[in-house]
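Working notes, beginning with the structure itself.
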Amino acid sequence: MKQANSKFLTTMSTYTQILILGTALMGCASEVKKKGPSLSAVTPVTLSADAEPAKEIALQESMMNRATMAQIDVLAPGHFNEAKRYMDKANSDNQRGSSGTELLASISSSRAHLNKAEEEAALVQAKVEEVTHARGQALAAGAINFPDKLHALDATLKSYTGINKGDVTPAQKTALQDQYLALELSTIKAVKLNKSKEMLDQARTKGAATVVPKAFQQAVSRYNIAEKLIETDRHNNDKIDASVETAFVASTRVMNLMISEQNSRTQTPEQRAETLEARENALSDSDKALNAANAGSLNKDQALTAQGEALALSQGANQEHERKESDEKIVRDAAAKFDSSEADVYRQDGLLIIRLKSMNFASGRSDLPSESLAVLNKVKEVMKDVGPGKVTVQGHTDSSGAANTNQTLSQTRAQSVAKYFQVDSLFGDSQFDSIGYGYSKPLASNKTKEGRAQNRRVDIVIKTAQQ
């Protein structure tokens with residue numbers, strides 16, 4: 001977000017850079033500010049005077065694609081659509097051979113709207129997070145191949161998002177989430193089973209239920225088993241794919257039998273005998289294929305048992321899935337609070353680790369530097385969000401100096417940080433510990449200046465109250 005904001009023209013000193021793009025860029029800026037009343041005004045992003053139009057177009061296309069993958073097109077549709085409109089204009093002008101100044105003007109406006117869309121998306125994401133997660137699953141399943149259904153749901157989602165939209169009710173979110181999940185399920189079925197379904201429908205139309213009833217019923221049974229497995233455990237591809245393959249082989253066998261039967265109707269007795277012989281050979285090959293598929297799948301009884309187990313375990317599996325997603329969200333939200341120069345955030349053995357890289361203690365001192373308080377306050381914000389049960393502050397030094405001196409120094413520095421958190425009344429029920437490791441746990445070689453700087457760090461290890 002900070003990087004995006006830094007791209008906007010905020011001071012008079014940047015005004016002279018706009019002139020580099022010429023009057024076309026200024027005219028475009030005026031057009032953007034006048035755009036519909038529902039959109040906030042934006043100022044085109046300043047591009048370098050020596051920017052190459054072709055490279056800037058390619059970069060903007062890449063940024064637009066990443067934004068679509070992040071679902072910004074539905075979270076902030078107004079500014080995203082404006083970004084796309086200017087992007088389309090740049091591509092059209094490029095094909096017509098327009099001037100570089102004109103192309104850069106369109107790109108700068110597109111980038112400004114995309115930056116604004118990213119800002120707005122970040123503000124509204126939380127209120128529809130469950131919905132966008134379900135939409136992401138539907139897209140991953142291939143819902144883009146069913147545009148009518150997808151666009152209808154997206155239209156509803158867009159009516160809930162955008163910076164000027166009202167709050168969405170829990171009932172509305174739940175309903176739309178369920179619809180996206182239903183689209184995901186129907187998409188998985190279509191992708192996995194459509195070939196088998198088409199063959200069975202065609203065979204049914206040709207009278208397979210009467211002509212080859214045993215083979216037809218077997219194929220229908222295999223299809224139903226595969227479909228039920230998808231419905232009960234849609235993300236278990238190992239089970240699903242094996243069962244889908246069995247259904248496909250069985251459906252293919254029915255079609256081969258029907259073709260053979262139809263061909264035999266107009267044959268002479270000798271030809272029919274030859275056909276029967278070929279049919280027997282084909283049936284033998286088909287049975288071998290079906291048995292091979294069965295060997296890697298489940299028979300009917302096993303499938304029914306597996307379905308019962310899947311139903312019994314589904315609640316626990318869903319809870320585990322939700323827990324993992326919650327853990328990932330905690331790490332993402334925490335990491336978003338820090339610049340890369342301030343801290344790294346990750347999860348290890350179920351614990352949230354915040355590795356502070358910018359404490360900058362004075363040499364040989366353990367009192368907190370005033371410039372470090374800002375990043376420590378960000379750590380407090382994270383702890384307020386996750387509800388810490390136990391926090392361990394770990395101090396580390398480089399290898400400069402004696403081992404016992406570094407051990408003591410790392411311990412006192414860790415204690416200083418722990419006390420800073422402990423005095424906050426919001427963490428009254430939390431347990432705070434501190435430990436110093438000296439230079440016993442380096443991250444990099446102490447032989448280089450960069451490595452020593454990396455080793456001088458403070459790690460905040462957080463175990464949530466829920467854990």
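Every chain in the structure tokens has a letter given in the order shown (A, B, ...), and although residue numbers restart at 1 in each chain, ligands are simply numbered from 1 in the order shown.
Those residues in region 310-386 of chain A carrying a DSSP assignment of strand (DSSP E or B), computed from the backbone, are A:Ala343, A:Asp344, A:Val345, A:Tyr346, A:Arg347, A:Gln348, A:Leu351, A:Leu352, A:Ile353, A:Ile354, A:Arg355, A:Leu356.
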Writer output for current selection, all heavy atoms, as a compact mmCIF listing (two decimals), in the first residue's frame:
```
# COMPACT_ATOMS: atom_id res chain seq x y z
N ALA A 343 10.99 -6.24 9.54
CA ALA A 343 10.77 -7.56 10.14
C ALA A 343 10.37 -8.58 9.09
O ALA A 343 9.85 -8.23 8.03
CB ALA A 343 9.70 -7.49 11.22
N ASP A 344 10.64 -9.85 9.41
CA ASP A 344 10.09 -10.97 8.66
C ASP A 344 9.07 -11.67 9.55
O ASP A 344 9.27 -11.78 10.77
CB ASP A 344 11.20 -11.97 8.28
CG ASP A 344 12.17 -11.40 7.25
OD1 ASP A 344 11.73 -10.57 6.44
OD2 ASP A 344 13.35 -11.79 7.28
N VAL A 345 7.98 -12.15 8.94
CA VAL A 345 6.93 -12.82 9.71
C VAL A 345 6.69 -14.19 9.09
O VAL A 345 6.52 -14.32 7.88
CB VAL A 345 5.62 -12.01 9.72
CG1 VAL A 345 4.56 -12.73 10.54
CG2 VAL A 345 5.86 -10.61 10.28
N TYR A 346 6.68 -15.23 9.93
CA TYR A 346 6.41 -16.57 9.43
C TYR A 346 5.88 -17.43 10.57
O TYR A 346 5.82 -17.00 11.73
CB TYR A 346 7.67 -17.19 8.82
CG TYR A 346 8.85 -17.29 9.77
CD1 TYR A 346 9.11 -18.48 10.46
CD2 TYR A 346 9.70 -16.21 9.99
CE1 TYR A 346 10.17 -18.58 11.33
CE2 TYR A 346 10.77 -16.30 10.86
CZ TYR A 346 11.01 -17.49 11.54
OH TYR A 346 12.06 -17.58 12.40
N ARG A 347 5.45 -18.64 10.24
CA ARG A 347 4.95 -19.58 11.24
C ARG A 347 5.87 -20.79 11.30
O ARG A 347 6.30 -21.30 10.27
CB ARG A 347 3.52 -20.03 10.89
CG ARG A 347 2.90 -20.95 11.94
CD ARG A 347 1.44 -21.17 11.66
NE ARG A 347 0.65 -19.97 11.87
CZ ARG A 347 0.25 -19.56 13.07
NH1 ARG A 347 0.55 -20.24 14.15
NH2 ARG A 347 -0.48 -18.47 13.19
N GLN A 348 6.17 -21.21 12.51
CA GLN A 348 7.05 -22.36 12.70
C GLN A 348 6.55 -23.18 13.88
O GLN A 348 6.36 -22.66 14.98
CB GLN A 348 8.49 -21.89 12.97
CG GLN A 348 9.49 -23.02 13.17
CD GLN A 348 10.91 -22.48 13.31
OE1 GLN A 348 11.39 -21.75 12.46
NE2 GLN A 348 11.57 -22.84 14.39
N LEU A 351 3.75 -21.79 15.88
CA LEU A 351 3.97 -20.51 16.56
C LEU A 351 4.17 -19.40 15.54
O LEU A 351 4.73 -19.60 14.46
CB LEU A 351 5.19 -20.60 17.48
CG LEU A 351 5.13 -21.70 18.56
CD1 LEU A 351 6.46 -21.77 19.29
CD2 LEU A 351 3.99 -21.45 19.54
N LEU A 352 3.73 -18.20 15.90
CA LEU A 352 3.93 -17.03 15.05
C LEU A 352 5.26 -16.38 15.42
O LEU A 352 5.49 -16.03 16.58
CB LEU A 352 2.78 -16.04 15.24
CG LEU A 352 2.85 -14.75 14.42
CD1 LEU A 352 2.73 -15.06 12.93
CD2 LEU A 352 1.76 -13.78 14.83
N ILE A 353 6.14 -16.24 14.43
CA ILE A 353 7.47 -15.66 14.66
C ILE A 353 7.55 -14.31 13.97
O ILE A 353 7.28 -14.21 12.77
CB ILE A 353 8.59 -16.57 14.12
CG1 ILE A 353 8.38 -18.03 14.55
CG2 ILE A 353 9.95 -16.04 14.56
CD1 ILE A 353 8.51 -18.28 16.02
N ILE A 354 7.93 -13.29 14.72
CA ILE A 354 8.21 -11.96 14.15
C ILE A 354 9.70 -11.69 14.37
O ILE A 354 10.14 -11.51 15.50
CB ILE A 354 7.36 -10.86 14.80
CG1 ILE A 354 5.87 -11.18 14.66
CG2 ILE A 354 7.68 -9.51 14.17
CD1 ILE A 354 4.97 -10.18 15.35
N ARG A 355 10.46 -11.71 13.30
CA ARG A 355 11.91 -11.52 13.39
C ARG A 355 12.23 -10.06 13.11
O ARG A 355 12.17 -9.58 11.96
CB ARG A 355 12.61 -12.44 12.40
CG ARG A 355 14.11 -12.23 12.27
CD ARG A 355 14.76 -13.47 11.73
NE ARG A 355 14.72 -14.56 12.71
CZ ARG A 355 14.90 -15.84 12.40
NH1 ARG A 355 15.10 -16.20 11.14
NH2 ARG A 355 14.87 -16.76 13.35
N LEU A 356 12.56 -9.30 14.17
CA LEU A 356 12.84 -7.87 14.05
C LEU A 356 14.26 -7.66 13.54
O LEU A 356 15.22 -8.21 14.09
CB LEU A 356 12.66 -7.19 15.40
CG LEU A 356 11.26 -7.31 16.03
CD1 LEU A 356 11.21 -6.57 17.36
CD2 LEU A 356 10.20 -6.75 15.09
```
field: Shell of 12 Å around Ile72 (chain A), only C-alpha atoms, local chain residues under 5 positions omitted, as a ChimeraX atom specification
entry: /A:63-67,77-81,83-84,113-125,132,136,154,157-158,161-162
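Of the residues under consideration (A:Thr408, A:Gln415, A:Ser98, A:Ser326), A:Gln415 shows the shortest atom-to-atom contact distance to Leu368 (chain A) when counting only C-alpha atoms.
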Skip Gly451 (chain A) itself and residues of its chain fewer than 4 positions away, then list as a short mmCIF file (atom, residue, chain, number, x, y, z; two decimals) with N, CA and C atoms, in the first residue's frame all residues within 12 Å of it, counting only C-alpha atoms.
```
data_model
loop_
_atom_site.label_atom_id
_atom_site.label_comp_id
_atom_site.auth_asym_id
_atom_site.auth_seq_id
_atom_site.Cartn_x
_atom_site.Cartn_y
_atom_site.Cartn_z
N THR A 397 23.00 -11.97 19.01
CA THR A 397 24.07 -11.04 18.65
C THR A 397 24.93 -11.64 17.55
N ASP A 398 25.88 -10.83 17.05
CA ASP A 398 26.89 -11.39 16.16
C ASP A 398 28.04 -11.91 17.00
N SER A 399 29.13 -12.33 16.38
CA SER A 399 30.21 -12.98 17.10
C SER A 399 31.30 -12.02 17.55
N SER A 400 31.06 -10.72 17.39
CA SER A 400 32.07 -9.75 17.83
C SER A 400 32.12 -9.72 19.35
N TYR A 439 25.67 -15.43 20.38
CA TYR A 439 25.87 -15.68 18.94
C TYR A 439 25.81 -17.18 18.63
N PRO A 442 23.44 -18.30 14.74
CA PRO A 442 23.56 -17.35 13.62
C PRO A 442 22.67 -17.75 12.44
N LEU A 443 22.20 -16.75 11.71
CA LEU A 443 21.46 -16.99 10.47
C LEU A 443 22.38 -16.95 9.26
N ALA A 444 23.49 -16.24 9.39
CA ALA A 444 24.42 -16.08 8.27
C ALA A 444 25.85 -16.09 8.82
N SER A 445 26.82 -16.05 7.92
CA SER A 445 28.22 -16.07 8.34
C SER A 445 28.58 -14.78 9.06
N ASN A 446 29.31 -14.90 10.18
CA ASN A 446 29.78 -13.73 10.91
C ASN A 446 31.06 -13.14 10.31
N LYS A 447 31.48 -13.71 9.17
CA LYS A 447 32.71 -13.24 8.55
C LYS A 447 32.49 -12.00 7.69
N ASN A 455 22.63 -11.35 11.79
CA ASN A 455 22.62 -12.14 13.03
C ASN A 455 22.20 -11.31 14.24
N ARG A 456 22.40 -9.98 14.19
CA ARG A 456 21.97 -9.12 15.30
C ARG A 456 20.46 -8.88 15.16
N ARG A 457 19.70 -9.59 15.95
CA ARG A 457 18.25 -9.55 15.77
C ARG A 457 17.53 -9.86 17.07
#
```
task: Skip region 234-240 of chain A itself and residues of its chain fewer than 5 positions away, then list as JSON, numbers by chain all residues within 8 Å of it, counting only C-alpha atoms.
output: {"A": [185, 188, 226, 229, 297]}
Take the residues from that selection and write them out as an mmCIF file, in the first residue's frame, keeping all heavy atoms.
```
data_model
loop_
_atom_site.group_PDB
_atom_site.id
_atom_site.type_symbol
_atom_site.label_atom_id
_atom_site.label_comp_id
_atom_site.auth_asym_id
_atom_site.auth_seq_id
_atom_site.Cartn_x
_atom_site.Cartn_y
_atom_site.Cartn_z
ATOM 1 N N LEU A 185 -18.551 -26.827 -7.108
ATOM 2 C CA LEU A 185 -18.913 -28.248 -7.163
ATOM 3 C C LEU A 185 -19.386 -28.645 -8.556
ATOM 4 O O LEU A 185 -18.960 -29.667 -9.097
ATOM 5 C CB LEU A 185 -19.995 -28.542 -6.126
ATOM 6 C CG LEU A 185 -20.481 -29.993 -6.058
ATOM 7 C CD1 LEU A 185 -19.336 -30.925 -5.730
ATOM 8 C CD2 LEU A 185 -21.602 -30.135 -5.039
ATOM 9 N N ILE A 188 -16.402 -28.825 -10.920
ATOM 10 C CA ILE A 188 -15.593 -30.034 -10.748
ATOM 11 C C ILE A 188 -16.286 -31.225 -11.397
ATOM 12 O O ILE A 188 -15.655 -32.038 -12.091
ATOM 13 C CB ILE A 188 -15.330 -30.300 -9.254
ATOM 14 C CG1 ILE A 188 -14.443 -29.195 -8.662
ATOM 15 C CG2 ILE A 188 -14.663 -31.660 -9.058
ATOM 16 C CD1 ILE A 188 -14.251 -29.301 -7.167
ATOM 17 N N ALA A 226 -18.662 -42.111 -8.655
ATOM 18 C CA ALA A 226 -17.725 -41.005 -8.869
ATOM 19 C C ALA A 226 -18.367 -39.673 -8.501
ATOM 20 O O ALA A 226 -17.747 -38.813 -7.860
ATOM 21 C CB ALA A 226 -17.246 -40.992 -10.317
ATOM 22 N N LEU A 229 -18.586 -39.320 -4.719
ATOM 23 C CA LEU A 229 -17.288 -39.010 -4.129
ATOM 24 C C LEU A 229 -16.954 -37.532 -4.282
ATOM 25 O O LEU A 229 -16.410 -36.903 -3.368
ATOM 26 C CB LEU A 229 -16.204 -39.861 -4.791
ATOM 27 C CG LEU A 229 -16.062 -41.300 -4.284
ATOM 28 C CD1 LEU A 229 -15.030 -42.050 -5.112
ATOM 29 C CD2 LEU A 229 -15.676 -41.322 -2.821
ATOM 30 N N SER A 297 -9.048 -48.076 -8.041
ATOM 31 C CA SER A 297 -10.177 -47.310 -7.510
ATOM 32 C C SER A 297 -10.850 -48.095 -6.409
ATOM 33 O O SER A 297 -10.227 -48.907 -5.727
ATOM 34 C CB SER A 297 -11.143 -47.002 -8.664
ATOM 35 O OG SER A 297 -12.221 -46.232 -8.199
#
```
message: Can you tell me, as an MDAnalysis selection string, which residues in region 9-193 of chain A count as alpha helix (DSSP H) by DSSP?
response: chainID A and resid 15:18 22:34 53:69 72:75 77:96 100:124 129:141 147:160 170:193
Please produce a file of the residues just selected, as a compact mmCIF listing (two decimals), in the first residue's frame, where the atoms kept are C-alpha atoms.
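Dumped everything to part_30.txt:
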```
# COMPACT_ATOMS: atom_id res chain seq x y z
CA TYR A 15 4.50 18.83 -11.32
CA THR A 16 7.46 19.51 -13.56
CA GLN A 17 7.76 15.78 -14.25
CA ILE A 18 4.23 15.73 -15.60
CA GLY A 22 3.32 16.77 -22.66
CA THR A 23 -0.12 18.17 -23.09
CA ALA A 24 -1.61 14.74 -23.89
CA LEU A 25 -0.90 13.56 -20.36
CA MET A 26 -2.37 16.74 -18.86
CA GLY A 27 -5.49 16.33 -20.91
CA CYS A 28 -5.78 12.73 -19.77
CA ALA A 29 -5.39 13.81 -16.13
CA SER A 30 -8.28 16.19 -16.54
CA GLU A 31 -10.39 13.40 -18.03
CA VAL A 32 -9.67 11.08 -15.09
CA LYS A 33 -10.70 13.66 -12.50
CA LYS A 34 -13.96 14.28 -14.31
CA PRO A 53 6.02 2.69 -24.07
CA ALA A 54 6.29 -0.99 -25.06
CA LYS A 55 7.86 -1.97 -21.74
CA GLU A 56 5.37 0.11 -19.74
CA ILE A 57 2.44 -1.51 -21.58
CA ALA A 58 3.82 -4.98 -20.86
CA LEU A 59 4.38 -4.08 -17.20
CA GLN A 60 0.87 -2.68 -16.83
CA GLU A 61 -0.63 -5.80 -18.44
CA SER A 62 1.26 -7.93 -15.91
CA MET A 63 0.05 -5.77 -13.02
CA MET A 64 -3.54 -6.00 -14.26
CA ASN A 65 -3.30 -9.79 -14.48
CA ARG A 66 -1.94 -10.03 -10.93
CA ALA A 67 -4.75 -7.77 -9.71
CA THR A 68 -7.32 -10.02 -11.36
CA MET A 69 -5.80 -13.05 -9.65
CA ILE A 72 -9.37 -6.78 -7.18
CA ASP A 73 -11.65 -6.69 -10.24
CA VAL A 74 -14.60 -7.61 -8.00
CA LEU A 75 -13.41 -5.92 -4.79
CA PRO A 77 -14.71 -2.75 -9.75
CA GLY A 78 -15.00 0.98 -10.38
CA HIS A 79 -11.35 1.92 -10.48
CA PHE A 80 -10.31 -1.48 -11.84
CA ASN A 81 -12.60 -1.02 -14.84
CA GLU A 82 -11.15 2.45 -15.39
CA ALA A 83 -7.66 0.97 -15.25
CA LYS A 84 -8.69 -1.59 -17.84
CA ARG A 85 -10.29 1.08 -20.03
CA TYR A 86 -7.06 3.08 -20.15
CA MET A 87 -5.08 -0.13 -20.70
CA ASP A 88 -7.29 -1.01 -23.67
CA LYS A 89 -6.83 2.51 -25.01
CA ALA A 90 -3.05 2.19 -24.75
CA ASN A 91 -3.10 -1.11 -26.65
CA SER A 92 -5.40 0.33 -29.30
CA ASP A 93 -3.23 3.43 -29.71
CA ASN A 94 -0.13 1.26 -29.88
CA GLN A 95 -1.61 -0.76 -32.75
CA ARG A 96 -2.41 2.49 -34.59
CA GLY A 100 4.89 7.55 -27.24
CA THR A 101 3.65 10.52 -25.23
CA GLU A 102 0.03 9.53 -25.84
CA LEU A 103 0.69 5.90 -24.94
CA LEU A 104 2.47 6.83 -21.71
CA ALA A 105 -0.38 9.15 -20.79
CA SER A 106 -2.85 6.26 -20.99
CA ILE A 107 -0.55 3.95 -19.05
CA SER A 108 -0.01 6.51 -16.29
CA SER A 109 -3.77 6.93 -15.90
CA SER A 110 -4.34 3.17 -15.95
CA ARG A 111 -1.71 2.68 -13.26
CA ALA A 112 -3.23 5.42 -11.09
CA HIS A 113 -6.65 3.78 -11.21
CA LEU A 114 -5.12 0.36 -10.52
CA ASN A 115 -3.29 1.74 -7.48
CA LYS A 116 -6.54 3.25 -6.25
CA ALA A 117 -8.36 -0.04 -6.86
CA GLU A 118 -5.76 -1.88 -4.77
CA GLU A 119 -6.24 0.63 -1.94
CA GLU A 120 -10.03 0.27 -2.01
CA ALA A 121 -9.81 -3.53 -2.27
CA ALA A 122 -7.70 -3.66 0.88
CA LEU A 123 -10.36 -1.66 2.73
CA VAL A 124 -13.34 -3.82 1.70
CA GLU A 129 -13.47 -12.45 2.86
CA GLU A 130 -15.52 -15.65 3.11
CA VAL A 131 -17.13 -14.88 -0.23
CA THR A 132 -13.89 -14.13 -2.07
CA HIS A 133 -12.35 -17.32 -0.69
CA ALA A 134 -15.26 -19.36 -2.08
CA ARG A 135 -14.96 -17.48 -5.38
CA GLY A 136 -11.25 -18.29 -5.50
CA GLN A 137 -12.04 -21.99 -5.11
CA ALA A 138 -14.59 -21.81 -7.92
CA LEU A 139 -12.05 -20.10 -10.20
CA ALA A 140 -9.40 -22.69 -9.34
CA ALA A 141 -11.85 -25.42 -10.33
CA PRO A 147 -19.04 -17.38 -17.72
CA ASP A 148 -22.81 -16.90 -17.48
CA LYS A 149 -23.01 -18.39 -13.99
CA LEU A 150 -19.77 -16.77 -12.85
CA HIS A 151 -20.63 -13.30 -14.12
CA ALA A 152 -24.08 -13.43 -12.51
CA LEU A 153 -22.53 -14.17 -9.11
CA ASP A 154 -19.79 -11.58 -9.69
CA ALA A 155 -22.43 -8.94 -10.39
CA THR A 156 -23.95 -9.63 -6.98
CA LEU A 157 -20.54 -9.51 -5.30
CA LYS A 158 -19.72 -6.20 -6.95
CA SER A 159 -22.93 -4.76 -5.54
CA TYR A 160 -21.49 -5.43 -2.06
CA PRO A 170 -24.29 -11.91 7.19
CA ALA A 171 -27.21 -13.57 5.43
CA GLN A 172 -26.21 -12.02 2.10
CA LYS A 173 -22.60 -13.15 2.52
CA THR A 174 -23.60 -16.68 3.44
CA ALA A 175 -25.97 -16.96 0.50
CA LEU A 176 -23.38 -15.73 -2.02
CA GLN A 177 -20.67 -17.88 -0.49
CA ASP A 178 -22.88 -20.95 -0.85
CA GLN A 179 -23.59 -20.06 -4.48
CA TYR A 180 -19.88 -19.80 -5.31
CA LEU A 181 -19.24 -23.13 -3.58
CA ALA A 182 -22.11 -24.67 -5.55
CA LEU A 183 -20.52 -23.31 -8.73
CA GLU A 184 -17.22 -24.88 -7.70
CA LEU A 185 -18.91 -28.25 -7.16
CA SER A 186 -20.78 -28.18 -10.47
CA THR A 187 -17.56 -27.12 -12.23
CA ILE A 188 -15.59 -30.03 -10.75
CA LYS A 189 -18.34 -32.43 -11.81
CA ALA A 190 -18.37 -31.04 -15.31
CA VAL A 191 -14.60 -31.14 -15.70
CA LYS A 192 -14.26 -34.64 -14.26
CA LEU A 193 -17.40 -36.38 -15.52
```
Residue nearest Lys127 (chain A) among A:Ser341, A:Ile144, A:Gln218, A:Asp167 (counting only C-alpha atoms): A:Asp167
task: Rank nothing, just name the residue among A:Lys357, A:Lys197, A:Lys206, A:Lys337 nearest to Asn377 (chain A), using only C-alpha atoms.
output: A:Lys337
